[in-house]
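One file, start-v9.cif, is given below (mmCIF, C-alpha atoms).
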data_coords
#
loop_
_atom_site.label_atom_id
_atom_site.label_comp_id
_atom_site.auth_asym_id
_atom_site.auth_seq_id
_atom_site.Cartn_x
_atom_site.Cartn_y
_atom_site.Cartn_z
CA MET A 272 156.06 183.31 -29.57
CA SER A 273 159.37 182.81 -31.43
CA GLU A 274 159.98 179.38 -32.85
CA VAL A 275 162.36 177.13 -30.91
CA ARG A 276 165.18 176.23 -33.24
CA THR A 277 166.39 172.70 -33.81
CA VAL A 278 169.71 171.88 -32.14
CA GLU A 279 172.05 170.11 -34.55
CA PHE A 280 174.55 167.74 -32.94
CA GLU A 281 176.61 164.63 -33.51
CA GLU A 282 176.76 161.65 -31.16
CA HIS A 283 179.72 159.26 -31.10
CA TYR A 284 181.12 156.54 -28.86
CA LEU A 285 184.82 155.87 -28.37
CA SER A 286 186.17 152.35 -28.12
CA ASN A 287 186.40 152.70 -24.32
CA GLY A 288 182.68 153.53 -24.07
CA LEU A 289 182.89 157.31 -23.69
CA GLN A 290 179.81 159.00 -25.14
CA VAL A 291 180.78 162.11 -27.12
CA ILE A 292 178.25 164.76 -28.14
CA LEU A 293 179.32 167.63 -30.38
CA HIS A 294 177.35 170.78 -31.16
CA ALA A 295 178.82 173.36 -33.53
CA HIS A 296 177.65 176.90 -32.76
CA GLY A 297 179.97 179.48 -34.26
CA ARG A 298 178.23 182.74 -33.37
CA THR A 299 180.68 183.51 -30.57
CA PRO A 300 184.31 182.37 -30.16
CA LEU A 301 183.55 180.27 -27.07
CA VAL A 302 183.47 176.58 -26.31
CA HIS A 303 181.74 174.75 -23.47
CA VAL A 304 183.16 171.41 -22.33
CA SER A 305 181.13 169.32 -19.91
CA VAL A 306 181.71 165.84 -18.51
CA HIS A 307 178.73 164.16 -16.87
CA TYR A 308 179.35 161.00 -14.89
CA ARG A 309 176.33 158.77 -14.38
CA VAL A 310 176.68 158.70 -10.63
CA GLY A 311 175.05 160.69 -7.86
CA SER A 312 174.08 160.14 -4.25
CA SER A 313 171.46 157.55 -5.23
CA TYR A 314 174.32 155.25 -6.30
CA GLU A 315 175.75 155.14 -2.78
CA THR A 316 175.12 152.34 -0.29
CA PRO A 317 173.95 152.63 3.32
CA GLY A 318 176.87 153.47 5.59
CA ARG A 319 178.80 155.07 2.73
CA SER A 320 176.82 158.20 2.01
CA GLY A 321 178.42 161.40 0.75
CA PHE A 322 180.89 159.78 -1.66
CA ALA A 323 179.47 161.32 -4.86
CA HIS A 324 179.66 164.81 -3.39
CA LEU A 325 183.08 164.05 -1.91
CA PHE A 326 184.39 163.28 -5.39
CA GLU A 327 183.01 166.55 -6.69
CA HIS A 328 185.72 168.02 -4.44
CA MET A 329 188.35 165.32 -5.00
CA MET A 330 188.32 165.88 -8.76
CA PHE A 331 190.05 169.23 -8.25
CA GLN A 332 192.88 167.85 -6.10
CA GLY A 333 195.21 167.06 -8.96
CA SER A 334 196.13 164.25 -11.32
CA GLU A 335 199.24 162.91 -13.01
CA ASN A 336 200.08 166.11 -14.90
CA VAL A 337 198.00 168.69 -13.02
CA GLY A 338 198.80 169.91 -9.52
CA LYS A 339 196.38 170.37 -6.64
CA ALA A 340 193.82 173.14 -7.40
CA GLN A 341 195.60 173.83 -10.71
CA HIS A 342 192.66 172.76 -12.88
CA GLY A 343 190.65 175.86 -12.02
CA LEU A 344 193.70 178.09 -12.16
CA TYR A 345 194.46 177.02 -15.74
CA ILE A 346 190.89 177.85 -16.77
CA ASP A 347 190.99 181.19 -14.93
CA GLN A 348 194.20 182.16 -16.69
CA ALA A 349 192.58 181.34 -20.03
CA GLY A 350 189.73 183.75 -19.25
CA GLY A 351 187.20 180.99 -18.70
CA ARG A 352 184.86 179.84 -15.95
CA TRP A 353 184.45 176.43 -14.40
CA ASN A 354 182.45 174.57 -11.80
CA ALA A 355 180.95 171.23 -10.81
CA SER A 356 177.80 169.94 -9.14
CA THR A 357 176.35 166.75 -7.69
CA SER A 358 172.73 165.64 -7.76
CA LYS A 359 170.90 162.48 -6.74
CA ASP A 360 171.46 161.07 -10.25
CA ARG A 361 174.62 162.53 -11.79
CA THR A 362 177.82 164.52 -11.21
CA ASN A 363 179.05 167.08 -13.73
CA TYR A 364 182.22 169.07 -14.34
CA PHE A 365 182.39 171.87 -16.87
CA GLU A 366 184.35 174.80 -18.22
CA THR A 367 183.49 177.56 -20.69
CA LEU A 368 186.41 179.36 -22.28
CA PRO A 369 187.64 180.96 -25.52
CA SER A 370 187.46 178.36 -28.28
CA HIS A 371 191.18 178.47 -29.05
CA TYR A 372 191.73 176.95 -25.59
CA LEU A 373 189.71 173.82 -26.41
CA ASP A 374 192.80 171.61 -26.18
CA LEU A 375 193.47 172.88 -22.67
CA ALA A 376 189.99 171.88 -21.49
CA LEU A 377 190.20 168.45 -23.12
CA TRP A 378 193.66 167.80 -21.68
CA LEU A 379 192.52 168.77 -18.17
CA GLU A 380 189.40 166.62 -18.24
CA ALA A 381 191.20 163.64 -19.78
CA ASP A 382 194.05 163.80 -17.28
CA ARG A 383 191.80 163.62 -14.23
CA MET A 384 189.60 160.95 -15.82
CA ARG A 385 192.69 158.83 -16.39
CA SER A 386 194.83 159.58 -13.34
CA LEU A 387 193.03 161.32 -10.47
CA ALA A 388 195.24 161.70 -7.39
CA ILE A 389 193.27 159.82 -4.74
CA THR A 390 195.86 160.03 -1.98
CA ALA A 391 195.39 159.68 1.76
CA GLU A 392 196.20 163.38 2.16
CA ASN A 393 193.69 164.53 -0.47
CA PHE A 394 191.05 162.19 0.88
CA GLU A 395 191.43 163.44 4.44
CA ASN A 396 191.51 167.12 3.41
CA GLN A 397 188.38 166.90 1.28
CA ARG A 398 186.50 164.78 3.80
CA SER A 399 187.10 167.55 6.35
CA THR A 400 186.04 170.16 3.78
CA VAL A 401 182.74 168.39 3.10
CA ILE A 402 182.00 167.97 6.81
CA GLU A 403 182.60 171.69 7.31
CA GLU A 404 180.43 172.46 4.27
CA LYS A 405 177.57 170.53 5.84
CA LYS A 406 177.85 172.60 9.00
CA GLN A 407 177.93 175.90 7.12
CA SER A 408 175.37 175.15 4.41
CA TYR A 409 172.83 173.12 6.37
CA ASP A 410 173.39 172.86 10.13
CA ASN A 411 173.94 176.59 10.60
CA ARG A 412 171.67 178.03 7.93
CA PRO A 413 167.94 178.83 8.21
CA TYR A 414 165.82 175.94 6.89
CA GLY A 415 168.97 173.92 6.14
CA LEU A 416 167.93 171.04 8.38
CA SER A 417 164.42 170.95 6.92
CA TYR A 418 165.93 170.80 3.42
CA LEU A 419 167.83 167.68 4.45
CA ARG A 420 164.93 166.19 6.38
CA PHE A 421 162.27 166.44 3.69
CA ASP A 422 163.49 163.66 1.40
CA GLU A 423 164.19 161.45 4.42
CA LEU A 424 160.54 161.83 5.39
CA ALA A 425 159.05 161.62 1.89
CA TYR A 426 161.00 158.68 0.41
CA SER A 427 160.94 155.14 1.79
CA ASN A 428 163.77 154.06 -0.54
CA TRP A 429 167.16 155.01 0.94
CA ALA A 430 168.54 155.82 -2.52
CA TYR A 431 166.60 159.10 -2.64
CA ALA A 432 165.86 159.47 1.08
CA HIS A 433 169.40 160.28 2.19
CA PRO A 434 170.92 163.71 1.46
CA ILE A 435 173.48 164.38 -1.26
CA ILE A 436 175.91 165.88 1.25
CA GLY A 437 175.91 162.58 3.18
CA SER A 438 176.07 162.06 6.92
CA VAL A 439 178.97 163.22 9.08
CA GLU A 440 179.12 159.80 10.71
CA ASP A 441 179.47 158.03 7.36
CA LEU A 442 182.14 160.46 6.18
CA GLU A 443 184.10 160.12 9.40
CA ASN A 444 183.98 156.32 9.17
CA ALA A 445 184.91 156.20 5.49
CA ARG A 446 188.21 154.61 4.51
CA LEU A 447 190.50 155.51 1.64
CA GLU A 448 189.93 152.02 0.21
CA ASP A 449 186.18 152.70 0.07
CA ALA A 450 186.77 155.90 -1.90
CA LEU A 451 189.13 154.17 -4.31
CA GLU A 452 186.55 151.46 -5.01
CA PHE A 453 183.75 154.01 -5.51
CA HIS A 454 185.92 155.95 -7.98
CA ARG A 455 186.95 152.84 -9.91
CA ARG A 456 183.36 151.69 -10.22
CA TYR A 457 181.83 154.93 -11.53
CA TYR A 458 184.37 157.51 -12.77
CA GLY A 459 185.55 156.14 -16.08
CA PRO A 460 184.85 156.70 -19.76
CA GLY A 461 182.28 153.92 -19.94
CA ASN A 462 180.08 155.73 -17.44
CA ALA A 463 180.50 159.27 -18.78
CA ALA A 464 179.18 161.65 -21.41
CA LEU A 465 181.47 164.33 -22.84
CA VAL A 466 179.68 167.28 -24.44
CA ILE A 467 181.46 169.96 -26.45
CA SER A 468 179.34 172.88 -27.58
CA GLY A 469 180.37 176.07 -29.35
CA ASP A 470 182.80 177.38 -31.92
CA ILE A 471 184.15 174.06 -33.17
CA ASP A 472 184.66 172.01 -36.28
CA THR A 473 183.05 168.71 -35.35
CA LYS A 474 185.36 166.50 -37.44
CA GLU A 475 188.52 168.09 -36.06
CA THR A 476 187.13 168.12 -32.54
CA LEU A 477 186.27 164.41 -32.62
CA GLU A 478 189.86 163.65 -33.63
CA ARG A 479 191.13 165.73 -30.70
CA VAL A 480 188.78 163.92 -28.34
CA ARG A 481 190.13 160.59 -29.58
CA GLN A 482 193.67 161.87 -29.05
CA TYR A 483 193.06 162.85 -25.44
CA PHE A 484 190.54 160.27 -24.22
CA GLU A 485 190.63 157.04 -26.24
CA ASP A 486 193.70 155.59 -24.54
CA THR A 487 192.01 155.86 -21.12
CA PRO A 488 190.99 152.32 -20.15
CA ASP A 489 187.50 151.74 -18.83
CA ARG A 490 187.47 149.94 -15.49
CA THR A 491 183.95 150.87 -14.42
CA SER A 492 181.52 148.23 -13.18
CA VAL A 493 178.39 150.27 -12.65
CA ASN A 494 175.74 149.17 -10.20
CA HIS A 495 172.58 151.09 -11.11
CA PRO A 496 170.39 151.75 -8.07
CA ASP A 497 166.88 150.48 -7.54
CA LEU A 498 164.85 153.71 -7.37
CA SER A 499 161.44 152.11 -6.96
CA GLU A 500 159.16 153.64 -4.35
CA GLU A 501 156.24 152.14 -2.49
CA ASP A 502 152.84 153.73 -3.04
CA GLN A 503 152.06 155.97 -0.10
CA THR A 504 148.73 155.16 1.54
CA GLU A 505 148.55 157.84 4.24
CA GLU A 506 149.78 161.37 4.69
CA LYS A 507 153.14 161.91 6.37
CA ARG A 508 153.40 164.98 8.62
CA GLU A 509 156.17 166.27 10.81
CA ILE A 510 157.07 169.46 12.68
CA LEU A 511 160.74 170.50 12.77
CA LYS A 512 162.03 173.18 15.15
CA ASP A 513 164.66 175.48 13.68
CA ARG A 514 166.50 177.95 15.92
CA LEU A 515 167.62 179.95 12.87
CA ALA A 516 164.31 180.17 10.97
CA PRO A 517 162.86 183.71 10.95
CA LEU A 518 159.38 182.52 9.89
CA PRO A 519 157.48 179.24 9.76
CA ALA A 520 157.78 177.39 6.45
CA VAL A 521 156.08 174.50 4.73
CA SER A 522 157.61 171.96 2.37
CA MET A 523 155.14 169.49 0.92
CA GLY A 524 155.22 166.95 -1.86
CA TYR A 525 152.87 164.56 -3.62
CA GLN A 526 154.06 161.23 -5.04
CA MET A 527 154.12 161.28 -8.85
CA GLY A 528 155.78 159.52 -11.78
CA HIS A 529 159.40 159.67 -12.91
CA LEU A 530 161.20 162.28 -15.01
CA GLY A 531 159.84 162.18 -18.56
CA SER A 532 156.58 160.44 -17.62
CA ASP A 533 153.15 161.79 -18.49
CA ASP A 534 152.88 162.96 -14.87
CA TYR A 535 156.01 165.03 -15.33
CA TYR A 536 154.76 166.94 -18.39
CA VAL A 537 151.26 167.44 -17.03
CA LEU A 538 152.35 168.60 -13.59
CA SER A 539 155.03 170.91 -14.97
CA LEU A 540 152.21 172.83 -16.65
CA VAL A 541 150.06 172.67 -13.52
CA ALA A 542 152.97 174.18 -11.57
CA LEU A 543 152.91 177.20 -13.86
CA VAL A 544 149.15 177.57 -13.47
CA VAL A 545 149.37 177.60 -9.67
CA ALA A 546 152.73 179.30 -9.07
CA GLY A 547 154.14 180.56 -12.38
CA GLY A 548 154.06 184.31 -11.98
CA ASP A 549 152.03 187.13 -10.46
CA SER A 550 148.75 186.06 -12.07
CA SER A 551 148.98 182.40 -11.00
CA ARG A 552 146.38 180.95 -8.65
CA PHE A 553 148.50 180.64 -5.52
CA TYR A 554 150.06 184.08 -5.96
CA ARG A 555 146.70 185.74 -6.37
CA LYS A 556 145.05 183.94 -3.47
CA LEU A 557 147.91 183.56 -0.97
CA VAL A 558 150.18 186.52 -1.68
CA TYR A 559 148.17 189.39 -3.12
CA ASP A 560 144.67 188.83 -1.74
CA GLN A 561 145.66 187.64 1.74
CA ASN A 562 149.41 188.28 2.21
CA TRP A 563 149.70 184.92 3.96
CA ILE A 564 152.95 183.59 2.40
CA THR A 565 156.27 184.48 0.77
CA SER A 566 158.91 182.58 -1.24
CA LEU A 567 156.49 180.38 -3.16
CA TYR A 568 157.64 177.50 -5.36
CA ALA A 569 155.79 174.62 -7.01
CA GLY A 570 156.85 171.90 -9.44
CA PRO A 571 158.36 168.41 -9.88
CA ASN A 572 161.62 167.92 -8.01
CA GLN A 573 163.56 166.89 -11.14
CA TYR A 574 164.80 163.47 -10.03
CA ARG A 575 165.34 160.78 -12.65
CA GLY A 576 163.32 158.23 -10.68
CA PRO A 577 160.02 158.67 -8.83
CA GLU A 578 159.45 162.37 -8.32
CA LEU A 579 157.50 164.56 -5.94
CA PHE A 580 155.33 167.50 -6.91
CA ARG A 581 156.80 169.99 -4.46
CA ILE A 582 155.11 173.08 -3.00
CA THR A 583 157.18 175.22 -0.65
CA PHE A 584 156.55 178.59 0.98
CA GLN A 585 157.25 180.71 4.05
CA ILE A 586 154.35 181.78 6.27
CA GLN A 587 153.85 185.32 7.46
CA GLU A 588 153.80 185.86 11.22
CA LYS A 589 150.65 184.89 13.12
CA VAL A 590 149.05 183.13 10.13
CA ASP A 591 147.62 179.68 10.81
CA PRO A 592 149.24 177.12 8.46
CA GLU A 593 146.00 175.13 8.31
CA ILE A 594 144.19 178.08 6.70
CA ILE A 595 146.84 178.18 3.96
CA LEU A 596 146.75 174.43 3.45
CA ALA A 597 142.98 174.53 3.12
CA ALA A 598 143.26 177.22 0.43
CA ILE A 599 145.88 175.18 -1.45
CA ASP A 600 143.74 172.04 -1.19
CA GLU A 601 140.79 173.97 -2.59
CA GLU A 602 142.71 175.03 -5.69
CA LEU A 603 144.21 171.59 -6.30
CA GLU A 604 140.80 169.94 -5.91
CA ASP A 605 139.32 172.45 -8.32
CA ILE A 606 141.93 171.50 -10.92
CA ALA A 607 141.27 167.80 -10.30
CA VAL A 608 137.54 168.30 -10.95
CA LYS A 609 137.42 171.09 -13.55
CA GLY A 610 140.91 171.19 -15.01
CA VAL A 611 142.31 174.60 -15.87
CA THR A 612 140.86 177.35 -18.04
CA ASP A 613 141.77 177.66 -21.69
CA ALA A 614 143.55 180.92 -20.90
CA GLU A 615 145.59 179.31 -18.12
CA LEU A 616 146.61 176.41 -20.34
CA GLU A 617 147.62 178.72 -23.18
CA LYS A 618 149.64 180.89 -20.81
CA ALA A 619 151.43 177.85 -19.37
CA ARG A 620 152.28 176.61 -22.86
CA ASN A 621 153.66 180.04 -23.75
CA GLN A 622 155.76 180.08 -20.59
CA ILE A 623 157.18 176.64 -21.36
CA SER A 624 158.00 177.71 -24.93
CA SER A 625 159.69 180.85 -23.65
CA ARG A 626 161.83 178.81 -21.29
CA PHE A 627 162.96 176.54 -24.11
CA ILE A 628 163.96 179.54 -26.20
CA SER A 629 165.86 181.01 -23.25
CA ARG A 630 167.70 177.74 -22.66
CA MET A 631 169.05 177.86 -26.22
CA SER A 632 170.61 181.30 -25.75
CA THR A 633 174.23 180.33 -24.95
CA VAL A 634 176.65 177.54 -25.85
CA SER A 635 176.94 176.58 -22.18
CA ARG A 636 173.18 176.19 -21.76
CA ILE A 637 172.90 174.12 -24.91
CA GLY A 638 175.83 171.98 -23.82
CA GLU A 639 174.33 171.28 -20.41
CA LEU A 640 170.96 170.48 -21.97
CA LEU A 641 172.54 167.95 -24.32
CA ALA A 642 174.25 166.32 -21.34
CA HIS A 643 171.01 166.38 -19.34
CA TYR A 644 169.10 164.48 -22.01
CA ALA A 645 171.96 162.04 -22.58
CA VAL A 646 172.40 161.14 -18.92
CA LEU A 647 168.94 161.53 -17.36
CA HIS A 648 166.73 160.61 -20.35
CA ASP A 649 169.18 158.27 -22.15
CA ASP A 650 168.22 160.05 -25.38
CA VAL A 651 170.04 163.16 -26.63
CA HIS A 652 167.41 163.67 -29.32
CA MET A 653 164.94 164.66 -26.59
CA ILE A 654 166.43 168.14 -26.80
CA ASN A 655 164.45 168.61 -30.02
CA ARG A 656 161.34 166.66 -28.97
CA GLU A 657 160.55 167.45 -25.37
CA LEU A 658 158.79 170.77 -25.97
CA ASP A 659 156.20 168.91 -28.07
CA TYR A 660 155.39 166.70 -25.07
CA PHE A 661 154.64 169.74 -22.94
CA LEU A 662 152.56 171.42 -25.64
CA ALA A 663 150.54 168.25 -26.27
CA VAL A 664 149.17 168.15 -22.70
CA THR A 665 145.36 168.39 -22.70
CA ASN A 666 142.91 169.56 -20.08
CA GLU A 667 141.56 166.03 -19.77
CA GLN A 668 145.06 164.80 -18.89
CA ILE A 669 145.39 167.58 -16.33
CA ARG A 670 142.14 166.57 -14.65
CA SER A 671 143.06 162.89 -14.64
CA VAL A 672 146.60 163.31 -13.28
CA ALA A 673 145.57 165.95 -10.74
CA ALA A 674 142.77 163.73 -9.41
CA ARG A 675 145.21 160.86 -8.88
CA VAL A 676 148.27 162.77 -7.61
CA PHE A 677 146.69 165.46 -5.42
CA ASP A 678 145.38 162.94 -2.93
CA LYS A 679 146.29 163.80 0.67
CA ARG A 680 147.23 160.18 1.25
CA ARG A 681 150.07 160.68 -1.26
CA ARG A 682 151.31 163.83 0.48
CA THR A 683 154.30 164.47 2.72
CA LEU A 684 154.20 167.70 4.72
CA LEU A 685 157.05 169.14 6.77
CA LEU A 686 156.28 172.24 8.85
CA THR A 687 159.36 174.14 10.03
CA VAL A 688 158.80 176.48 12.96
CA PRO A 689 161.12 178.96 14.69
CA GLU A 690 162.20 177.21 17.89
CA ALA A 691 161.33 180.19 20.09
CA THR A 692 157.63 179.89 19.17
CA GLN A 693 157.24 176.43 20.65
#
Represent the structure from my file as structure tokens, please.
Amino acid sequence: MSEVRTVEFEEHYLSNGLQVILHAHGRTPLVHVSVHYRVGSSYETPGRSGFAHLFEHMMFQGSENVGKAQHGLYIDQAGGRWNASTSKDRTNYFETLPSHYLDLALWLEADRMRSLAITAENFENQRSTVIEEKKQSYDNRPYGLSYLRFDELAYSNWAYAHPIIGSVEDLENARLEDALEFHRRYYGPGNAALVISGDIDTKETLERVRQYFEDTPDRTSVNHPDLSEEDQTEEKREILKDRLAPLPAVSMGYQMGHLGSDDYYVLSLVALVVAGGDSSRFYRKLVYDQNWITSLYAGPNQYRGPELFRITFQIQEKVDPEIILAAIDEELEDIAVKGVTDAELEKARNQISSRFISRMSTVSRIGELLAHYAVLHDDVHMINRELDYFLAVTNEQIRSVAARVFDKRRRTLLLTVPEATQ
């Protein structure tokens, strides 16, 4: 296994609170610019869901010096690529482009941070766009409704229980004043991390960042959500009928600790043992030996707060879900009692190491990793330490965590069935 190289970076804070992370990587003439705002759907309040995702769209509707939809066009014309995404815990905007266009990227991001055009017209257009997106991506897509339903069933805390896309009712009832207040509270330099990775001179780049961003006043007044979750004392089960589903499917999750906890590192390795490739336990037993399932996934759900160890799969026709669940329970109980074999643990460690090496392969991946650790771990230096936490996991830890987490009383199980079969 190749050694994972250390990522060198600088971390600075501007006078307005903006966190700036710079990584010089001059192998290719590219630069990746990423702005992560510490706001996601978990920061919303009941009755006002969907705002974080709405602003993912609103941020491309123009600002003082940039016209509607011009942000992406400028990047396209420079030969770059751009996008944005919203999660439960953060919203990010990024562009990767030739390094001599760095000023363009900084100017674009600074202009919309300082002067986003939150007009009644833009608000109404993007609200309609998000409502239509919900219909296309969830309401009228196989398993889309079960994807939305699972967190509602599994989490008792509304912060994580409600979907990122929000509810149509909340979006329809939203007012422009509500959107303006949400933006003022969360989308400013004091609640953001700016990462620049690639072919840069860090000293010169920091001066350019100061030029573009330091005069932007910080008006944020962040209200961090309570993400605490009650201990589950009995299994939650539900059947959901889906007129678009071609096959039955199961989505299940066990309550576990938060991102970066011991549970997270232990169960990330367990996920590889049970579902990490053709020789993993679930693949051998459920796919190759019996041909009972397809589309298998297992692992923590990557939320900053309390996570779920998720297992999802589709069920082949005429296979009893209870037979599959019994086989899964058998393997998880075996791990809780015996742990994993030395060979399985070594393989999982090698897979984790390989993933870390792969994630360091481009300036954009490094940039997004730096932002991830800054925003979700509150520690950029984790980029050079986290692999050690995975590799330090012992079989005794695996047994202990598995015995506690893989308790059916801690499990949520959603069975999706084609509507015609019921």
Need the shell around region 481-487 of chain A: protein/DNA/RNA residues with any atom at most 8 Å away, counting all atoms listed in the file. Skip same-chain ones fewer than 6 positions apart. Format as a ChimeraX atom specification?
/A:285-287,377-378,381,384-385,460
Atoms to include: C-alpha atoms. Write the selected residues as a PDB file, in the coordinates of the input.
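Writing done, so here's part-v8.pdb:
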ATOM      1  CA  LEU A 285     184.820 155.870 -28.370  1.00  0.00           C
ATOM      2  CA  SER A 286     186.170 152.350 -28.120  1.00  0.00           C
ATOM      3  CA  ASN A 287     186.400 152.700 -24.320  1.00  0.00           C
ATOM      4  CA  LEU A 377     190.200 168.450 -23.120  1.00  0.00           C
ATOM      5  CA  TRP A 378     193.660 167.800 -21.680  1.00  0.00           C
ATOM      6  CA  ALA A 381     191.200 163.640 -19.780  1.00  0.00           C
ATOM      7  CA  MET A 384     189.600 160.950 -15.820  1.00  0.00           C
ATOM      8  CA  ARG A 385     192.690 158.830 -16.390  1.00  0.00           C
ATOM      9  CA  PRO A 460     184.850 156.700 -19.760  1.00  0.00           C
TER      10      PRO A 460
END
Rank A:Thr476, A:Glu667, A:Leu658, A:Pro317 by their smallest atom-to-atom distance to Ser624 (chain A), using all atoms listed in the file, and report the top residue only.
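Using all atoms listed in the file, the shortest distance to Ser624 (chain A) belongs to A:Leu658.
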Which neighbours of Gln561 (chain A) fall inside 12 Å, counting only C-alpha atoms, when residues of the same chain fewer than 5 positions from it are skipped, and could you give them as a ChimeraX atom specification?
/A:553-556,586-587,590,594-595,598
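Among the candidates A:Leu387, A:Val310, A:Leu424, A:Leu373, the residue lying nearest to Thr491 (chain A) is A:Val310 (atoms considered: only C-alpha atoms).
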So which residues get picked by the PyMOL selection byres ((chain A and resi 335) around 10) here, written as a PyMOL selection string?
chain A and resi 333-334+336-338+382-383+385-388
Selection in question (the file shown): the PyMOL selection byres ((chain A and resi 644-647) around 9). Which residues does it include, as JSON, numbers by chain?
{"A": [290, 292, 307, 308, 309, 360, 361, 463, 464, 530, 574, 575, 639, 640, 641, 642, 643, 648, 649, 650, 651, 652, 653, 654]}
Translate the PyMOL selection byres ((chain A and resi 427-436) around 7), as applied to the file shown, into an explicit residue set as a ChimeraX atom specification.
/A:312-314,321,324,358-359,405,419,422-423,425-426,437-438,498,500
What is the CA of Thr362 (chain A) to CA of Leu379 (chain A) distance in Å?
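Rounded to one decimal, the two atoms are 16.8 Å apart.
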Report as a tab-separated table the residues of region 538-643 of chain A within 8 Å of region 671-693 of chain A, each with its shortest atom pair and distance in Å (one decimal), using only C-alpha atoms, ordered by chain and increasing residue number.
residue	atom	partner	partner_atom	distance
A:Leu538	CA	A:Ala673	CA	7.8
A:Leu603	CA	A:Phe677	CA	6.7
A:Glu604	CA	A:Ala674	CA	7.4
A:Ile606	CA	A:Ala673	CA	6.6
A:Ala607	CA	A:Ala674	CA	4.4
A:Val608	CA	A:Ala674	CA	7.1
The distance between CA of Asn572 (chain A) and CA of Gly531 (chain A) is 12.1 Å
